[in-house]
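Student: The following block contains the structure, expressed as structure tokens.
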Amino acid sequence: MKFHPLVSVVMNCHNGEKFLEKSIKSVIGQTYKKWELIFWNNCSNDNSKKIFKRFKDRRLKYFENKTLKNLYEARNFALSKCKGKYVCFLDTDDWWVKDKIKNQLKIFRDSPYISIVYSNYYQFNQKFRKKYLFSKSQLPSGKITQSLLDSYKIGIITVMVKKRVFEKNKFEKKYNIIGDFDFFIRLSLNYRFKSIQNPLAYYRIHSTNYSKLNLSNYLDEIKTWLFLNEKKFKKKGYSLKFLKLQKFKIRVKRFLKF
């Protein structure tokens with residue numbers, strides 16, 4: 001049976017010129033070729049648009065905001081333009097291994113009950129030019145809500161999601177940093193996940209990572225999320241205890257200062 005679906009790749013950009021070329025090339029270089037890249041320029045005032053326009057490939061599709069939007073509102077705008085059966089995300093400072101799309105589609109082909117596939121990844125330290133495996137322990141699969149609440153290990157640059165999931169689920173635009181965390185925790189309540197232990201992406205850590213520059217905001221948003229969600233999750237039988245511990249704050253600080 002043929003299985004050759006269109007895959008939409010969402011790339012939101014705000015002043016991403018420094019590493020943008022490598023990110024785009026990692027999509028063009030995929031061994032699986034039936035994809036579209038939805039590039040959403042969120043009011044960049046650098047050379048991001050010029051760099052994007054250098055690539056002459058009909059699969060690359062350009063959109064832009066006229067006014068600056070929150071990242072997660074911009075993600076939702078980009079999602080509205082996706083035509084693929086599956087959706088991936090790639091930020092402008094990160095990149096994929098060449099078989100990323102191919103390997104994830106195999107999971108969907110063989111396991112139709114799975115809605116989200118994600119993988120391990122490398123943390124790449126730009127300053128020292130070294131890579132480190134994100135998780136040496138096995139990533140969880142299946143119904144993984146409690147696992148994510150205890151130790152959140154989903155990098156949005158590694159995910160592939162069935163497009164139909166977005167018909168009922170959007171990113172929450174009130175968050176500036178933890179929107180990914182909120183989104184995939186919510187999805188985990190209703191959908192099954194499948195992990196790939198091999199790293200399929202590189203997350204670049206550098207001096208201008210947004211979350212790294214806004215550590216206090218990150219922790220404040222977690223507090224807001226707990227305030228809004230704790231009762232609901234406890235009622236469903238989940239524990240949010242780890243998110244309140246000093247150990248969690250230390251782990252976040254170490255990751256963002258990596």
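Each chain in the structure tokens gets a letter, A, B and so on, in the order shown; residues start at 1 in every chain, and ligands are counted from 1 in the order they appear.
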Would you list the contacts of Lys174 in chain A as a list in words, taking every protein, DNA or RNA residue within 10 Å and counting only C-alpha atoms, but skipping same-chain residues closer than 3 positions in sequence?
Tutor: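 Neighbouring residues, sequence-local ones excluded: Asn70, Leu71, Tyr72, Glu73, Phe171, Ile177, Ile178, Gly179 and Glu221 of chain A.
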Student: Residues of range 154-238 of chain A in alpha helix (DSSP H) according to DSSP, as a VMD selection string?
Tutor: chain A and resid 179 to 188 210 to 213 215 to 235
Student: How would the residues just picked look written out with C-alpha atoms as a short mmCIF file (atom, residue, chain, number, x, y, z; two decimals), in the first residue's frame?
Tutor:
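Final output, again.cif:
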data_model
loop_
_atom_site.label_atom_id
_atom_site.label_comp_id
_atom_site.auth_asym_id
_atom_site.auth_seq_id
_atom_site.Cartn_x
_atom_site.Cartn_y
_atom_site.Cartn_z
CA GLY A 179 3.38 27.44 25.00
CA ASP A 180 4.93 24.20 23.73
CA PHE A 181 4.82 22.67 27.21
CA ASP A 182 1.18 23.66 27.69
CA PHE A 183 0.18 22.43 24.22
CA PHE A 184 1.70 18.97 24.39
CA ILE A 185 0.62 18.39 27.99
CA ARG A 186 -2.95 19.12 26.86
CA LEU A 187 -2.59 16.80 23.86
CA SER A 188 -1.27 14.01 26.08
CA TYR A 210 14.78 33.67 23.93
CA SER A 211 14.01 31.37 26.86
CA LYS A 212 17.59 31.65 28.06
CA LEU A 213 17.31 35.45 28.21
CA LEU A 215 14.48 32.73 32.76
CA SER A 216 12.36 34.57 35.35
CA ASN A 217 9.49 34.85 32.85
CA TYR A 218 9.77 31.12 32.16
CA LEU A 219 9.31 30.30 35.84
CA ASP A 220 6.53 32.88 36.21
CA GLU A 221 4.63 31.27 33.34
CA ILE A 222 4.97 27.86 34.98
CA LYS A 223 3.45 29.36 38.15
CA THR A 224 0.58 30.75 36.07
CA TRP A 225 0.08 27.39 34.38
CA LEU A 226 -0.04 25.62 37.75
CA PHE A 227 -2.57 28.12 39.08
CA LEU A 228 -4.84 27.59 36.08
CA ASN A 229 -4.48 23.82 35.76
CA GLU A 230 -3.65 22.22 39.09
CA LYS A 231 -7.20 21.46 40.21
CA LYS A 232 -8.18 20.07 36.82
CA PHE A 233 -5.20 17.71 36.64
CA LYS A 234 -5.52 16.59 40.25
CA LYS A 235 -9.19 15.77 39.60
#
Student: Produce a table with one row for each residue of range 43-141 of chain A that has an atom at most 8 Å from any atom of range 5-17 of chain A, each row naming the nearest atom pair and its distance in Å at one decimal; use only C-alpha atoms; arrange rows by chain and rising residue number; format as JSON lines.
Tutor:
{"residue": "A:Cys43", "atom": "CA", "partner": "A:His14", "partner_atom": "CA", "distance": 6.3}
{"residue": "A:Ser44", "atom": "CA", "partner": "A:Asn15", "partner_atom": "CA", "distance": 4.6}
{"residue": "A:Asn45", "atom": "CA", "partner": "A:Asn15", "partner_atom": "CA", "distance": 6.3}
{"residue": "A:Asp46", "atom": "CA", "partner": "A:Asn15", "partner_atom": "CA", "distance": 5.5}
{"residue": "A:Asn47", "atom": "CA", "partner": "A:Glu17", "partner_atom": "CA", "distance": 5.7}
{"residue": "A:Ser48", "atom": "CA", "partner": "A:Glu17", "partner_atom": "CA", "distance": 4.6}
{"residue": "A:Ile51", "atom": "CA", "partner": "A:Glu17", "partner_atom": "CA", "distance": 7.2}
{"residue": "A:Leu71", "atom": "CA", "partner": "A:Asn12", "partner_atom": "CA", "distance": 7.6}
{"residue": "A:Ala74", "atom": "CA", "partner": "A:Asn12", "partner_atom": "CA", "distance": 7.0}
{"residue": "A:Arg75", "atom": "CA", "partner": "A:Asn12", "partner_atom": "CA", "distance": 6.6}
{"residue": "A:Ala78", "atom": "CA", "partner": "A:Val10", "partner_atom": "CA", "distance": 6.5}
{"residue": "A:Leu79", "atom": "CA", "partner": "A:Val10", "partner_atom": "CA", "distance": 7.1}
{"residue": "A:Cys82", "atom": "CA", "partner": "A:Ser8", "partner_atom": "CA", "distance": 5.8}
{"residue": "A:Lys83", "atom": "CA", "partner": "A:Ser8", "partner_atom": "CA", "distance": 6.6}
{"residue": "A:Gly84", "atom": "CA", "partner": "A:Leu6", "partner_atom": "CA", "distance": 4.6}
{"residue": "A:Lys85", "atom": "CA", "partner": "A:Leu6", "partner_atom": "CA", "distance": 5.8}
{"residue": "A:Tyr86", "atom": "CA", "partner": "A:Val7", "partner_atom": "CA", "distance": 4.9}
{"residue": "A:Val87", "atom": "CA", "partner": "A:Ser8", "partner_atom": "CA", "distance": 4.7}
{"residue": "A:Cys88", "atom": "CA", "partner": "A:Val9", "partner_atom": "CA", "distance": 4.7}
{"residue": "A:Phe89", "atom": "CA", "partner": "A:Val10", "partner_atom": "CA", "distance": 4.8}
{"residue": "A:Leu90", "atom": "CA", "partner": "A:Met11", "partner_atom": "CA", "distance": 5.3}
{"residue": "A:Asp91", "atom": "CA", "partner": "A:Met11", "partner_atom": "CA", "distance": 5.7}
{"residue": "A:Thr92", "atom": "CA", "partner": "A:Gly16", "partner_atom": "CA", "distance": 5.7}
{"residue": "A:Asp93", "atom": "CA", "partner": "A:Gly16", "partner_atom": "CA", "distance": 7.0}
Student: Of the candidates A:Asn103, A:Thr158, A:Ser151, A:Asn169, which shows the shortest atom-to-atom distance to Phe242 in chain A, using only C-alpha atoms?
Tutor: A:Ser151
Student: Would you list the contacts of range 113-118 of chain A as a ChimeraX atom specification, taking every protein, DNA or RNA residue within 7 Å and counting only C-alpha atoms, but skipping same-chain residues closer than 2 positions in sequence?
Tutor: /A:104,108,111,154,158-162,191-196
Student: Which one of A:Leu243, A:Leu37, A:Leu60, A:Leu139 sits closest to Asn198 in chain A if you count only C-alpha atoms?
Tutor: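 Selected residue with least distance to Asn198 in chain A: A:Leu139.
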Student: Could you tell me, as a ChimeraX atom specification, which residues of range 52-183 of chain A DSSP assigns to strand (DSSP E) when given the backbone?
Tutor: /A:60-64,86-89,95-96,116-125,130-133,160-162
Student: Counting only C-alpha atoms, figure out which residue out of A:Ser135, A:Ser147, A:Gln126, A:Asn42 gets nearest to Arg204 in chain A.
Tutor: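 Answer, going by the shortest atom-to-atom distance: A:Gln126.
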Student: Given the choices A:Asn176, A:Asn190, A:Gln146, A:Gln197, which gets closest to Ser239 in chain A if the distance is worked out from only C-alpha atoms?
Tutor: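 With only C-alpha atoms as the atom set, the closest residue is A:Gln146.
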Student: Select, from A:Glu36, A:Gln123, A:Lys106, A:Lys100, the residue with the minimum atom-to-atom distance to Tyr62 in chain A, counting only C-alpha atoms.
Tutor: A:Glu36
Student: Could you check how far CA of Lys69 in chain A sits from CA of Lys49 in chain A, in Å to one decimal?
Tutor: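 CA of Lys49 in chain A lies at a distance of 16.8 Å from CA of Lys69 in chain A.
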Student: Any idea what the distance is between CA of Tyr121 in chain A and CA of Lys18 in chain A?
Tutor: 21.1 Å
Student: List as a PyMOL selection string the protein and nucleic acid residues near Lys25 in chain A, meaning an atom at most 10 Å away when only C-alpha atoms are counted, but skip any in the same chain fewer than 4 places from it.
Tutor: chain A and resi 20-21+29-30+55+95-96+98
